[in-house]
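Working notes for the structure below.
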Amino acid sequence: MSKTVKIALAGEGGQGVQSVAEIIAEAANEEGREALYIPNFGVEQRGGVSVAYLQIGDEPIGSPKFQTADIVVALSDRAVRRTKKYVGEETTFVYDTSIEGIEDDLPKNAARILAMPAIEVSKNELNPRVFNIIIMGAVIKATNVVSEDDAKAALEKKLGYKFEQNPSLRELNYNALSRGMELV
Amino acid sequence: MSTVPQMPKCWKVESKPHKFCPGCGHGLVLKALGEAIDELGIQEKAVFGADIGCSLLAWDFFDIDTVQTHHGRTTPVVTGVKRANPDTICIAYMGDGGGYAIGSQHLVNAAARNERITVILANNCNYAMTGGQMAPTTLPGMKTETSPYGRDVNEAGYPTQGPEMVAAITREGAYVARGTVSNLKQLKGYFKKALQNQMDGNGFSFVEALSTCPTNWRTNAKDTWAFLEKEMTQYFKVGEIKNPAAKEGESGE
Amino acid sequence: MTEKPIQEEKRAFLTGNEVVAWAALAAKADIMYGYPITPQNEIMHYWTRMAPKFGKRFLQTEDELSAGFTTLGGVLAGRKAFTATAGPGNTLMQEPMSMAEMMRIPSVVVVQQRGGPSTATVIYSQQEVTMTTFGGNGEGFRIVYSPSNHQELFDYTIKAFNTAWKYRFPTFVLGDGYQAKLRESLTLYDPEARGIELIEPEPFLGTEPVNGTKSYTNMRNTYNTEDELYDIIVRYGEEYKNIAPEVIEFQEFDCEDADVVIVSHGVVSRAAKGAVQELRSQGLKAGYFRPVTLRPFPADQLRAIADKTKTLLLVESSYGQMSKLVKEAIFGSTVALEYLLKPGVGVTSEELVAKVKQMI
């Protein structure tokens, strides 16, 4: 039995962190593992920092939110500031290289801090639409919570109807996943 | 020769004589309603909801399935019954406080949703059960326990025109009328049309009945009747306001 | 005859609100009356999507007063009706539920607690315990289940319908915003396929004539004299006391030799469970007690533990609402009480472990 992996994903509304967390959680569930995903939500329907809390393990998950994550992924300056409280001595903190003005806000106590050019890769190599799938690749690589194949199967389940209409989207998403895995 | 006055068949004999004060209009409203129910032959299918206020005293008035609810909440209770069992014929019975004040949101929304229920509201210009306070329907200048110097329209506004409001927010299919206990034949006719409108599945039906409260009005029989017929009808016009069954030009006053 | 909503047992990965809608379908609920309030909304969203396929209905009312009273109307008409609410909506819901309490109208309300008082947050809390157990101008003749995970949310929502119709006390499933919104796995099943008999509702009003004769029902909640009311409430109180032993549910483990027993309910008990396991693995004598029913409260069971252990640690996402129930339950005990009270905020295993270590 492995320890439950705790993941916090944070970004601006529209960056797709909630769907990334949901797809990973569903992939883990499909593997027969225990998964729990809870979004943060408040009175605003839009705007504000969006945080997804995700836990995956082999035993029933305890409290839905947690104090310290194994991996924190922050995709905007506000997300960096919002999520550094989830960082502990064993936490990997991942942020996007394009975020400016956060040098002083990066957590000092993390086990590892990783800058990842996901925004740049999505713009220059792939398509900004698959930015969150790059993040998903990075998360599954960094945590090993689900295999690449199961992640693909979950993508197929979630986006299959779009892939049917436009098969090139499938390749684009799979490439984004692989590219994300290479970034960590 | 029998000395017992003739009662509608659907009245519950065991609960008579009823508990309303001498001269109270509720008994008359419920007589007209009872006769309407008898004539339509719907005693077994009717569900009667009684509100709080003096209307609650009607909880065992009829041999009709009855539920006495909370102040203002009879409209949603019978709405719930009707939605769950559309074969029932649902009647919500309330006073002016229950319908126009504490339960006004329910009246407005049930009317707007065109619920297939019949709301009957007795208007006697005051909160009678609680001892004669000012109601939404208290007339300008009328003295009550909470308007001892008379209702000041600058402070308390004008009397609520219930049927006119319901007519304004309902569309085709709704039946709306105002009757009075001084014309029971007409009132019974309105009740029958209101119930028939529900039975035909047309939509919401609403009848306000101008009623009397000599106890809180502190009036004798003559003055009671004079207030009902002369004072109240100045503000509250008796007549049909909306009738889906009427031909063009027949509705209204 | 429409098909059963759940044909065979299946593992599903859902949000809690979705779970409630499935459970209501599985329990053969006929109609839902509801008014939008976060974090309960998706119960209505899922219900309105699924219900018509199974010949079931929905009415969106003008407020929670109406949602509660229309629900009671639906029950009086002989249907399994239910509603769901939260926070300020639960406040309004207390009025219809006090009528249900007085008139013994079976009713099921699912509450997804949000922050309070007032509008507060739409997110999460355990601050509706006092209101749900003892709300309204009543005596708390209610049954309140506090589930902790999606399987229980499913199980107890189904159970709530049977409990309500069996005992005719208003029955609440007291969830919370976390449970409403989180996704996790559970097994959906058809209760009848598992041998759970579902109680059939019967009409109070609008009954059919029997052998050509209709007997009429006149129901009221108003009484003329003090004596009339007294007799009724005393009788209700006796009945409630008598059924309590078969209604009460709780969980406990590792309490036998414990120095500290963590008492919590609902979603917080997940953290407590993890904390006790962690503390035990470190050789610390911690125990776990969780009331599953908050009304009636497992008082004797907790009292027995209070008499054996040194300290009860009361943990909840409110400023002491469950603690009040605990203190009443263990009245007279000399056990020490410690608290971890986090109104409107979740509790984690880590902080519980730290708290207990600091105590021992």
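Identifiers in this document derive from the order of the structure tokens: chains are assigned A, B, ..., residues are numbered from 1 separately in each chain, and ligands are numbered from 1 in order of occurrence.
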Handout entry: Test item: residues at most 9 Å from C:Tyr288, only C-alpha atoms, excluding those fewer than 6 positions along its chain, as a PyMOL selection string
Key = chain C and resi 251-255+258+260-264+269+272-273+276
Save the residues we just selected, C-alpha atoms, as a compact mmCIF listing (two decimals), in the first residue's frame?
```txt
# COMPACT_ATOMS: atom_id res chain seq x y z
CA GLN C 251 -19.34 4.14 15.49
CA GLU C 252 -16.46 3.60 17.85
CA PHE C 253 -13.06 1.96 17.84
CA ASP C 254 -9.98 1.84 20.04
CA CYS C 255 -11.89 3.33 22.98
CA ALA C 258 -7.87 5.10 25.30
CA VAL C 260 -8.18 10.42 24.72
CA VAL C 261 -11.30 9.71 22.69
CA ILE C 262 -11.90 11.98 19.74
CA VAL C 263 -15.62 12.71 19.32
CA SER C 264 -16.70 14.08 15.96
CA SER C 269 -14.99 12.06 11.54
CA ALA C 272 -10.67 11.82 13.31
CA LYS C 273 -10.44 8.28 12.01
CA VAL C 276 -6.64 7.91 15.68
```
Exercise for the section: Determine, counting only C-alpha atoms, which protein, DNA and RNA residues have an atom within 8 Å of an atom of B:Asn126; residues of the same chain fewer than 4 positions away are not included. Present the result as an NGL selection string. Expected result: :B and (96-97 or 132-138 or 144 or 216)
Fill in the blank from the handout: Pairwise distance, atom CA of B:Ile102 with atom CA of C:Met93, equals 15.5 Å
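By only C-alpha atoms, and with residues fewer than 6 positions from stretch 157-169 of chain C along its chain excluded, the set lying at most 8 Å from it is Val20, Ala23, Ala24, Ala26, Ala27, Lys80, Ala100, Glu101, Arg104, Ile105, Pro106, Ser107, Val108, Val110, Phe141, Arg142, Ile143, Tyr145, Pro191, Leu198, Ile199, Pro201 and Ile243 of chain C.
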Handout entry: Shell around C:Phe13 at 10 Å using only C-alpha atoms, local window under 2 positions removed, as JSON, numbers by chain
Key = {"A": [25, 26, 29, 30, 34, 35, 36], "C": [10, 11, 15, 16, 18, 19, 150, 182, 183, 184, 185, 186, 187, 188]}
Practice task
Tell me which protein, DNA and RNA residues are within 10 Å of A:Ile7, counting only C-alpha atoms, leaving out same-chain ones fewer than 2 positions away, and put them as a list in words.
Solution key: Thr4, Val5, Leu9, Ala10, Ala21, Tyr37, Ala52, Tyr53, Leu54, Gln55, Ile56, Lys65, Phe66, Thr68, Ala69, Asp70, Ile71, Val72, Val73, Tyr86, Thr91, Thr92, Val139, Thr143 and Val145 of chain A
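Between B:Val29 and the residues B:Gln161, B:Thr224, B:Thr75, B:Ser182, the shortest atom-to-atom distance, using only C-alpha atoms, involves B:Ser182.
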Let's see if you can do this: from backbone DSSP, list all strand (DSSP E or B) residues in stretch 12-157 of chain A, as a PDB file with all heavy atoms, in the first residue's frame.
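Dumped to out_9.pdb:
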```pdb
ATOM      1  N   GLU A  12      -5.882  30.561 -12.553  1.00  0.00           N
ATOM      2  CA  GLU A  12      -6.948  31.524 -12.784  1.00  0.00           C
ATOM      3  C   GLU A  12      -8.127  30.779 -13.399  1.00  0.00           C
ATOM      4  O   GLU A  12      -7.943  29.740 -14.047  1.00  0.00           O
ATOM      5  CB  GLU A  12      -6.460  32.614 -13.755  1.00  0.00           C
ATOM      6  CG  GLU A  12      -5.317  33.450 -13.214  1.00  0.00           C
ATOM      7  CD  GLU A  12      -5.701  34.247 -11.970  1.00  0.00           C
ATOM      8  OE1 GLU A  12      -6.750  34.905 -11.971  1.00  0.00           O
ATOM      9  OE2 GLU A  12      -4.924  34.185 -10.979  1.00  0.00           O
ATOM     10  N   GLU A  34      -8.585   4.558  -4.830  1.00  0.00           N
ATOM     11  CA  GLU A  34      -9.423   5.521  -4.129  1.00  0.00           C
ATOM     12  C   GLU A  34      -9.024   6.921  -4.569  1.00  0.00           C
ATOM     13  O   GLU A  34      -7.834   7.260  -4.593  1.00  0.00           O
ATOM     14  CB  GLU A  34      -9.230   5.405  -2.608  1.00  0.00           C
ATOM     15  CG  GLU A  34      -9.721   4.096  -2.032  1.00  0.00           C
ATOM     16  CD  GLU A  34     -11.239   3.955  -2.048  1.00  0.00           C
ATOM     17  OE1 GLU A  34     -11.947   4.978  -2.188  1.00  0.00           O
ATOM     18  OE2 GLU A  34     -11.709   2.805  -1.944  1.00  0.00           O
ATOM     19  N   ALA A  35     -10.005   7.734  -4.930  1.00  0.00           N
ATOM     20  CA  ALA A  35      -9.713   9.097  -5.350  1.00  0.00           C
ATOM     21  C   ALA A  35     -10.747  10.037  -4.769  1.00  0.00           C
ATOM     22  O   ALA A  35     -11.911   9.661  -4.605  1.00  0.00           O
ATOM     23  CB  ALA A  35      -9.740   9.181  -6.875  1.00  0.00           C
ATOM     24  N   LEU A  36     -10.304  11.211  -4.413  1.00  0.00           N
ATOM     25  CA  LEU A  36     -11.228  12.233  -3.939  1.00  0.00           C
ATOM     26  C   LEU A  36     -10.813  13.556  -4.546  1.00  0.00           C
ATOM     27  O   LEU A  36      -9.651  13.948  -4.467  1.00  0.00           O
ATOM     28  CB  LEU A  36     -11.208  12.315  -2.409  1.00  0.00           C
ATOM     29  CG  LEU A  36     -12.269  13.234  -1.757  1.00  0.00           C
ATOM     30  CD1 LEU A  36     -12.546  12.793  -0.332  1.00  0.00           C
ATOM     31  CD2 LEU A  36     -11.877  14.699  -1.777  1.00  0.00           C
ATOM     32  N   TYR A  37     -11.756  14.207  -5.166  1.00  0.00           N
ATOM     33  CA  TYR A  37     -11.487  15.518  -5.753  1.00  0.00           C
ATOM     34  C   TYR A  37     -12.526  16.499  -5.246  1.00  0.00           C
ATOM     35  O   TYR A  37     -13.722  16.211  -5.248  1.00  0.00           O
ATOM     36  CB  TYR A  37     -11.533  15.412  -7.285  1.00  0.00           C
ATOM     37  CG  TYR A  37     -11.949  16.687  -7.974  1.00  0.00           C
ATOM     38  CD1 TYR A  37     -11.187  17.859  -7.846  1.00  0.00           C
ATOM     39  CD2 TYR A  37     -13.105  16.746  -8.738  1.00  0.00           C
ATOM     40  CE1 TYR A  37     -11.592  19.036  -8.450  1.00  0.00           C
ATOM     41  CE2 TYR A  37     -13.508  17.917  -9.353  1.00  0.00           C
ATOM     42  CZ  TYR A  37     -12.753  19.062  -9.201  1.00  0.00           C
ATOM     43  OH  TYR A  37     -13.159  20.232  -9.788  1.00  0.00           O
ATOM     44  N   ILE A  38     -12.077  17.641  -4.777  1.00  0.00           N
ATOM     45  CA  ILE A  38     -13.021  18.683  -4.362  1.00  0.00           C
ATOM     46  C   ILE A  38     -12.520  20.033  -4.871  1.00  0.00           C
ATOM     47  O   ILE A  38     -11.347  20.362  -4.711  1.00  0.00           O
ATOM     48  CB  ILE A  38     -13.257  18.685  -2.830  1.00  0.00           C
ATOM     49  CG1 ILE A  38     -14.332  19.723  -2.448  1.00  0.00           C
ATOM     50  CG2 ILE A  38     -11.989  18.935  -2.043  1.00  0.00           C
ATOM     51  CD1 ILE A  38     -14.829  19.593  -1.011  1.00  0.00           C
ATOM     52  N   PRO A  39     -13.388  20.793  -5.522  1.00  0.00           N
ATOM     53  CA  PRO A  39     -13.000  22.129  -5.958  1.00  0.00           C
ATOM     54  C   PRO A  39     -13.179  23.122  -4.814  1.00  0.00           C
ATOM     55  O   PRO A  39     -13.947  22.855  -3.888  1.00  0.00           O
ATOM     56  CB  PRO A  39     -14.007  22.429  -7.068  1.00  0.00           C
ATOM     57  CG  PRO A  39     -15.229  21.653  -6.676  1.00  0.00           C
ATOM     58  CD  PRO A  39     -14.759  20.455  -5.882  1.00  0.00           C
ATOM     59  N   VAL A  49      -9.076  32.993  -7.729  1.00  0.00           N
ATOM     60  CA  VAL A  49      -8.181  31.860  -7.939  1.00  0.00           C
ATOM     61  C   VAL A  49      -8.984  30.576  -7.755  1.00  0.00           C
ATOM     62  O   VAL A  49      -9.762  30.437  -6.823  1.00  0.00           O
ATOM     63  CB  VAL A  49      -7.009  31.899  -6.936  1.00  0.00           C
ATOM     64  CG1 VAL A  49      -6.114  30.677  -7.113  1.00  0.00           C
ATOM     65  CG2 VAL A  49      -6.204  33.175  -7.111  1.00  0.00           C
ATOM     66  N   SER A  50      -8.768  29.672  -8.681  1.00  0.00           N
ATOM     67  CA  SER A  50      -9.470  28.396  -8.633  1.00  0.00           C
ATOM     68  C   SER A  50      -8.495  27.349  -8.088  1.00  0.00           C
ATOM     69  O   SER A  50      -7.403  27.183  -8.620  1.00  0.00           O
ATOM     70  CB  SER A  50      -9.914  28.054 -10.059  1.00  0.00           C
ATOM     71  OG  SER A  50     -10.574  26.831 -10.109  1.00  0.00           O
ATOM     72  N   VAL A  51      -8.888  26.667  -7.024  1.00  0.00           N
ATOM     73  CA  VAL A  51      -8.023  25.638  -6.443  1.00  0.00           C
ATOM     74  C   VAL A  51      -8.745  24.290  -6.488  1.00  0.00           C
ATOM     75  O   VAL A  51      -9.914  24.198  -6.135  1.00  0.00           O
ATOM     76  CB  VAL A  51      -7.648  25.945  -4.970  1.00  0.00           C
ATOM     77  CG1 VAL A  51      -6.621  24.940  -4.454  1.00  0.00           C
ATOM     78  CG2 VAL A  51      -7.125  27.361  -4.813  1.00  0.00           C
ATOM     79  N   ALA A  52      -8.034  23.279  -6.957  1.00  0.00           N
ATOM     80  CA  ALA A  52      -8.576  21.917  -6.953  1.00  0.00           C
ATOM     81  C   ALA A  52      -7.753  21.089  -5.978  1.00  0.00           C
ATOM     82  O   ALA A  52      -6.516  21.124  -6.011  1.00  0.00           O
ATOM     83  CB  ALA A  52      -8.497  21.313  -8.346  1.00  0.00           C
ATOM     84  N   TYR A  53      -8.442  20.380  -5.087  1.00  0.00           N
ATOM     85  CA  TYR A  53      -7.772  19.509  -4.123  1.00  0.00           C
ATOM     86  C   TYR A  53      -8.018  18.069  -4.566  1.00  0.00           C
ATOM     87  O   TYR A  53      -9.171  17.659  -4.726  1.00  0.00           O
ATOM     88  CB  TYR A  53      -8.332  19.707  -2.722  1.00  0.00           C
ATOM     89  CG  TYR A  53      -8.280  21.139  -2.245  1.00  0.00           C
ATOM     90  CD1 TYR A  53      -9.285  22.037  -2.573  1.00  0.00           C
ATOM     91  CD2 TYR A  53      -7.211  21.597  -1.475  1.00  0.00           C
ATOM     92  CE1 TYR A  53      -9.242  23.351  -2.146  1.00  0.00           C
ATOM     93  CE2 TYR A  53      -7.151  22.912  -1.046  1.00  0.00           C
ATOM     94  CZ  TYR A  53      -8.172  23.785  -1.386  1.00  0.00           C
ATOM     95  OH  TYR A  53      -8.124  25.091  -0.964  1.00  0.00           O
ATOM     96  N   LEU A  54      -6.953  17.340  -4.729  1.00  0.00           N
ATOM     97  CA  LEU A  54      -7.057  15.997  -5.261  1.00  0.00           C
ATOM     98  C   LEU A  54      -6.241  15.048  -4.388  1.00  0.00           C
ATOM     99  O   LEU A  54      -5.102  15.361  -4.025  1.00  0.00           O
ATOM    100  CB  LEU A  54      -6.511  16.020  -6.698  1.00  0.00           C
ATOM    101  CG  LEU A  54      -6.423  14.722  -7.481  1.00  0.00           C
ATOM    102  CD1 LEU A  54      -7.795  14.109  -7.669  1.00  0.00           C
ATOM    103  CD2 LEU A  54      -5.788  15.005  -8.845  1.00  0.00           C
ATOM    104  N   GLN A  55      -6.836  13.912  -4.027  1.00  0.00           N
ATOM    105  CA  GLN A  55      -6.105  12.906  -3.248  1.00  0.00           C
ATOM    106  C   GLN A  55      -6.325  11.549  -3.891  1.00  0.00           C
ATOM    107  O   GLN A  55      -7.463  11.202  -4.230  1.00  0.00           O
ATOM    108  CB  GLN A  55      -6.612  12.865  -1.798  1.00  0.00           C
ATOM    109  CG  GLN A  55      -6.405  14.170  -1.040  1.00  0.00           C
ATOM    110  CD  GLN A  55      -6.917  14.074   0.389  1.00  0.00           C
ATOM    111  OE1 GLN A  55      -6.361  13.380   1.228  1.00  0.00           O
ATOM    112  NE2 GLN A  55      -8.006  14.759   0.656  1.00  0.00           N
ATOM    113  N   ILE A  56      -5.261  10.815  -4.018  1.00  0.00           N
ATOM    114  CA  ILE A  56      -5.350   9.487  -4.630  1.00  0.00           C
ATOM    115  C   ILE A  56      -4.539   8.512  -3.790  1.00  0.00           C
ATOM    116  O   ILE A  56      -3.405   8.818  -3.383  1.00  0.00           O
ATOM    117  CB  ILE A  56      -4.840   9.525  -6.083  1.00  0.00           C
ATOM    118  CG1 ILE A  56      -5.806  10.375  -6.942  1.00  0.00           C
ATOM    119  CG2 ILE A  56      -4.730   8.116  -6.674  1.00  0.00           C
ATOM    120  CD1 ILE A  56      -5.257  10.797  -8.258  1.00  0.00           C
ATOM    121  N   GLY A  57      -5.135   7.373  -3.505  1.00  0.00           N
ATOM    122  CA  GLY A  57      -4.435   6.380  -2.688  1.00  0.00           C
ATOM    123  C   GLY A  57      -5.071   5.024  -2.842  1.00  0.00           C
ATOM    124  O   GLY A  57      -5.860   4.783  -3.759  1.00  0.00           O
ATOM    125  N   ILE A  71       2.274  17.620  -3.848  1.00  0.00           N
ATOM    126  CA  ILE A  71       2.639  18.468  -4.976  1.00  0.00           C
ATOM    127  C   ILE A  71       1.646  19.629  -5.090  1.00  0.00           C
ATOM    128  O   ILE A  71       0.441  19.436  -4.953  1.00  0.00           O
ATOM    129  CB  ILE A  71       2.718  17.656  -6.301  1.00  0.00           C
ATOM    130  CG1 ILE A  71       3.057  18.571  -7.475  1.00  0.00           C
ATOM    131  CG2 ILE A  71       1.440  16.897  -6.584  1.00  0.00           C
ATOM    132  CD1 ILE A  71       3.490  17.812  -8.719  1.00  0.00           C
ATOM    133  N   VAL A  72       2.211  20.809  -5.249  1.00  0.00           N
ATOM    134  CA  VAL A  72       1.394  22.003  -5.472  1.00  0.00           C
ATOM    135  C   VAL A  72       1.748  22.529  -6.856  1.00  0.00           C
ATOM    136  O   VAL A  72       2.925  22.687  -7.173  1.00  0.00           O
ATOM    137  CB  VAL A  72       1.691  23.102  -4.424  1.00  0.00           C
ATOM    138  CG1 VAL A  72       0.951  24.395  -4.775  1.00  0.00           C
ATOM    139  CG2 VAL A  72       1.324  22.626  -3.037  1.00  0.00           C
ATOM    140  N   VAL A  73       0.728  22.754  -7.684  1.00  0.00           N
ATOM    141  CA  VAL A  73       0.961  23.337  -9.001  1.00  0.00           C
ATOM    142  C   VAL A  73       0.259  24.683  -9.036  1.00  0.00           C
ATOM    143  O   VAL A  73      -0.963  24.746  -8.849  1.00  0.00           O
ATOM    144  CB  VAL A  73       0.428  22.420 -10.122  1.00  0.00           C
ATOM    145  CG1 VAL A  73       0.674  23.049 -11.484  1.00  0.00           C
ATOM    146  CG2 VAL A  73       1.062  21.042 -10.037  1.00  0.00           C
ATOM    147  N   ALA A  74       1.020  25.751  -9.266  1.00  0.00           N
ATOM    148  CA  ALA A  74       0.442  27.097  -9.271  1.00  0.00           C
ATOM    149  C   ALA A  74       0.676  27.732 -10.628  1.00  0.00           C
ATOM    150  O   ALA A  74       1.809  27.755 -11.113  1.00  0.00           O
ATOM    151  CB  ALA A  74       1.061  27.946  -8.162  1.00  0.00           C
ATOM    152  N   THR A  92       6.645  19.118  -3.399  1.00  0.00           N
ATOM    153  CA  THR A  92       7.182  19.634  -4.657  1.00  0.00           C
ATOM    154  C   THR A  92       6.296  20.787  -5.097  1.00  0.00           C
ATOM    155  O   THR A  92       5.075  20.620  -5.207  1.00  0.00           O
ATOM    156  CB  THR A  92       7.164  18.545  -5.741  1.00  0.00           C
ATOM    157  OG1 THR A  92       7.949  17.441  -5.278  1.00  0.00           O
ATOM    158  CG2 THR A  92       7.727  19.071  -7.051  1.00  0.00           C
ATOM    159  N   PHE A  93       6.910  21.930  -5.326  1.00  0.00           N
ATOM    160  CA  PHE A  93       6.140  23.112  -5.728  1.00  0.00           C
ATOM    161  C   PHE A  93       6.447  23.413  -7.194  1.00  0.00           C
ATOM    162  O   PHE A  93       7.598  23.622  -7.570  1.00  0.00           O
ATOM    163  CB  PHE A  93       6.518  24.308  -4.841  1.00  0.00           C
ATOM    164  CG  PHE A  93       5.674  25.519  -5.089  1.00  0.00           C
ATOM    165  CD1 PHE A  93       4.473  25.694  -4.413  1.00  0.00           C
ATOM    166  CD2 PHE A  93       6.073  26.496  -5.997  1.00  0.00           C
ATOM    167  CE1 PHE A  93       3.687  26.807  -4.632  1.00  0.00           C
ATOM    168  CE2 PHE A  93       5.288  27.616  -6.222  1.00  0.00           C
ATOM    169  CZ  PHE A  93       4.095  27.777  -5.533  1.00  0.00           C
ATOM    170  N   VAL A  94       5.411  23.381  -8.004  1.00  0.00           N
ATOM    171  CA  VAL A  94       5.588  23.589  -9.441  1.00  0.00           C
ATOM    172  C   VAL A  94       4.894  24.885  -9.838  1.00  0.00           C
ATOM    173  O   VAL A  94       3.752  25.118  -9.432  1.00  0.00           O
ATOM    174  CB  VAL A  94       4.968  22.419 -10.236  1.00  0.00           C
ATOM    175  CG1 VAL A  94       5.212  22.596 -11.733  1.00  0.00           C
ATOM    176  CG2 VAL A  94       5.523  21.081  -9.765  1.00  0.00           C
ATOM    177  N   TYR A  95       5.603  25.714 -10.610  1.00  0.00           N
ATOM    178  CA  TYR A  95       4.933  26.919 -11.112  1.00  0.00           C
ATOM    179  C   TYR A  95       5.361  27.161 -12.544  1.00  0.00           C
ATOM    180  O   TYR A  95       6.337  26.584 -13.037  1.00  0.00           O
ATOM    181  CB  TYR A  95       5.240  28.119 -10.218  1.00  0.00           C
ATOM    182  CG  TYR A  95       6.673  28.598 -10.273  1.00  0.00           C
ATOM    183  CD1 TYR A  95       7.024  29.731 -11.008  1.00  0.00           C
ATOM    184  CD2 TYR A  95       7.682  27.914  -9.593  1.00  0.00           C
ATOM    185  CE1 TYR A  95       8.335  30.166 -11.069  1.00  0.00           C
ATOM    186  CE2 TYR A  95       8.999  28.343  -9.662  1.00  0.00           C
ATOM    187  CZ  TYR A  95       9.321  29.466 -10.393  1.00  0.00           C
ATOM    188  OH  TYR A  95      10.619  29.887 -10.452  1.00  0.00           O
ATOM    189  N   ASP A  96       4.632  27.982 -13.228  1.00  0.00           N
ATOM    190  CA  ASP A  96       4.945  28.226 -14.633  1.00  0.00           C
ATOM    191  C   ASP A  96       6.004  29.308 -14.753  1.00  0.00           C
ATOM    192  O   ASP A  96       5.941  30.351 -14.078  1.00  0.00           O
ATOM    193  CB  ASP A  96       3.690  28.622 -15.404  1.00  0.00           C
ATOM    194  CG  ASP A  96       3.907  28.493 -16.900  1.00  0.00           C
ATOM    195  OD1 ASP A  96       4.434  29.446 -17.506  1.00  0.00           O
ATOM    196  OD2 ASP A  96       3.599  27.419 -17.441  1.00  0.00           O
ATOM    197  N   ARG A 112      11.313  20.689  -3.174  1.00  0.00           N
ATOM    198  CA  ARG A 112      11.769  20.897  -4.534  1.00  0.00           C
ATOM    199  C   ARG A 112      10.917  21.999  -5.150  1.00  0.00           C
ATOM    200  O   ARG A 112       9.698  22.019  -4.963  1.00  0.00           O
ATOM    201  CB  ARG A 112      11.573  19.589  -5.322  1.00  0.00           C
ATOM    202  CG  ARG A 112      12.284  19.500  -6.631  1.00  0.00           C
ATOM    203  CD  ARG A 112      12.512  18.030  -6.995  1.00  0.00           C
ATOM    204  NE  ARG A 112      11.287  17.354  -7.383  1.00  0.00           N
ATOM    205  CZ  ARG A 112      11.005  16.983  -8.641  1.00  0.00           C
ATOM    206  NH1 ARG A 112      11.856  17.228  -9.626  1.00  0.00           N
ATOM    207  NH2 ARG A 112       9.874  16.365  -8.919  1.00  0.00           N
ATOM    208  N   ILE A 113      11.547  22.897  -5.861  1.00  0.00           N
ATOM    209  CA  ILE A 113      10.785  23.915  -6.591  1.00  0.00           C
ATOM    210  C   ILE A 113      11.108  23.770  -8.060  1.00  0.00           C
ATOM    211  O   ILE A 113      12.275  23.681  -8.451  1.00  0.00           O
ATOM    212  CB  ILE A 113      11.115  25.343  -6.098  1.00  0.00           C
ATOM    213  CG1 ILE A 113      10.605  25.499  -4.658  1.00  0.00           C
ATOM    214  CG2 ILE A 113      10.468  26.380  -7.007  1.00  0.00           C
ATOM    215  CD1 ILE A 113      10.605  26.909  -4.151  1.00  0.00           C
ATOM    216  N   LEU A 114      10.063  23.711  -8.829  1.00  0.00           N
ATOM    217  CA  LEU A 114      10.226  23.381 -10.231  1.00  0.00           C
ATOM    218  C   LEU A 114       9.531  24.437 -11.078  1.00  0.00           C
ATOM    219  O   LEU A 114       8.336  24.665 -10.918  1.00  0.00           O
ATOM    220  CB  LEU A 114       9.559  22.024 -10.451  1.00  0.00           C
ATOM    221  CG  LEU A 114      10.009  21.146 -11.582  1.00  0.00           C
ATOM    222  CD1 LEU A 114      11.464  20.751 -11.382  1.00  0.00           C
ATOM    223  CD2 LEU A 114       9.125  19.896 -11.601  1.00  0.00           C
ATOM    224  N   ALA A 115      10.302  25.056 -11.962  1.00  0.00           N
ATOM    225  CA  ALA A 115       9.678  25.984 -12.904  1.00  0.00           C
ATOM    226  C   ALA A 115       9.465  25.246 -14.213  1.00  0.00           C
ATOM    227  O   ALA A 115      10.354  24.540 -14.684  1.00  0.00           O
ATOM    228  CB  ALA A 115      10.574  27.198 -13.117  1.00  0.00           C
ATOM    229  N   MET A 116       8.290  25.408 -14.785  1.00  0.00           N
ATOM    230  CA  MET A 116       7.912  24.586 -15.923  1.00  0.00           C
ATOM    231  C   MET A 116       7.344  25.501 -17.010  1.00  0.00           C
ATOM    232  O   MET A 116       6.435  26.280 -16.735  1.00  0.00           O
ATOM    233  CB  MET A 116       6.843  23.617 -15.406  1.00  0.00           C
ATOM    234  CG  MET A 116       6.217  22.743 -16.411  1.00  0.00           C
ATOM    235  SD  MET A 116       5.093  21.606 -15.552  1.00  0.00           S
ATOM    236  CE  MET A 116       3.793  22.705 -15.057  1.00  0.00           C
TER     237      MET A 116
END
```
Hey, could you make a per-residue contact list for chain C against chain A with 7 Å as the cut-off, showing the nearest pair of atoms and its distance in Å to one decimal, counting only C-alpha atoms, sorted by chain and number, as a tab-separated table?
```
residue	atom	partner	partner_atom	distance
C:Thr121	CA	A:Gly42	CA	6.9
C:Val122	CA	A:Gly42	CA	5.9
C:Ile123	CA	A:Gly42	CA	6.2
C:Lys181	CA	A:Ile38	CA	6.2
C:Leu182	CA	A:Ile38	CA	4.2
C:Arg183	CA	A:Tyr37	CA	5.1
C:Glu184	CA	A:Leu36	CA	4.8
C:Val267	CA	A:Ser63	CA	6.8
C:Val268	CA	A:Ser63	CA	6.7
C:Arg270	CA	A:Gly62	CA	4.7
C:Ala271	CA	A:Ser63	CA	4.9
C:Gly274	CA	A:Gly62	CA	6.1
C:Thr348	CA	A:Ser63	CA	5.7
```
Practice task
Skip A:Ala118 itself and residues of its chain fewer than 3 positions away, then list as a list in words all residues within 10 Å of it, counting only C-alpha atoms.
Solution key: Leu75, Tyr95, Asp96, Thr97, Ser98, Ala115, Val121, Ser122, Lys123, Asn124, Pro128, Val130, Phe131, Asn132, Ile133, Ile134, Ile135, Ala138, Ala176, Arg179, Gly180 and Leu183 of chain A
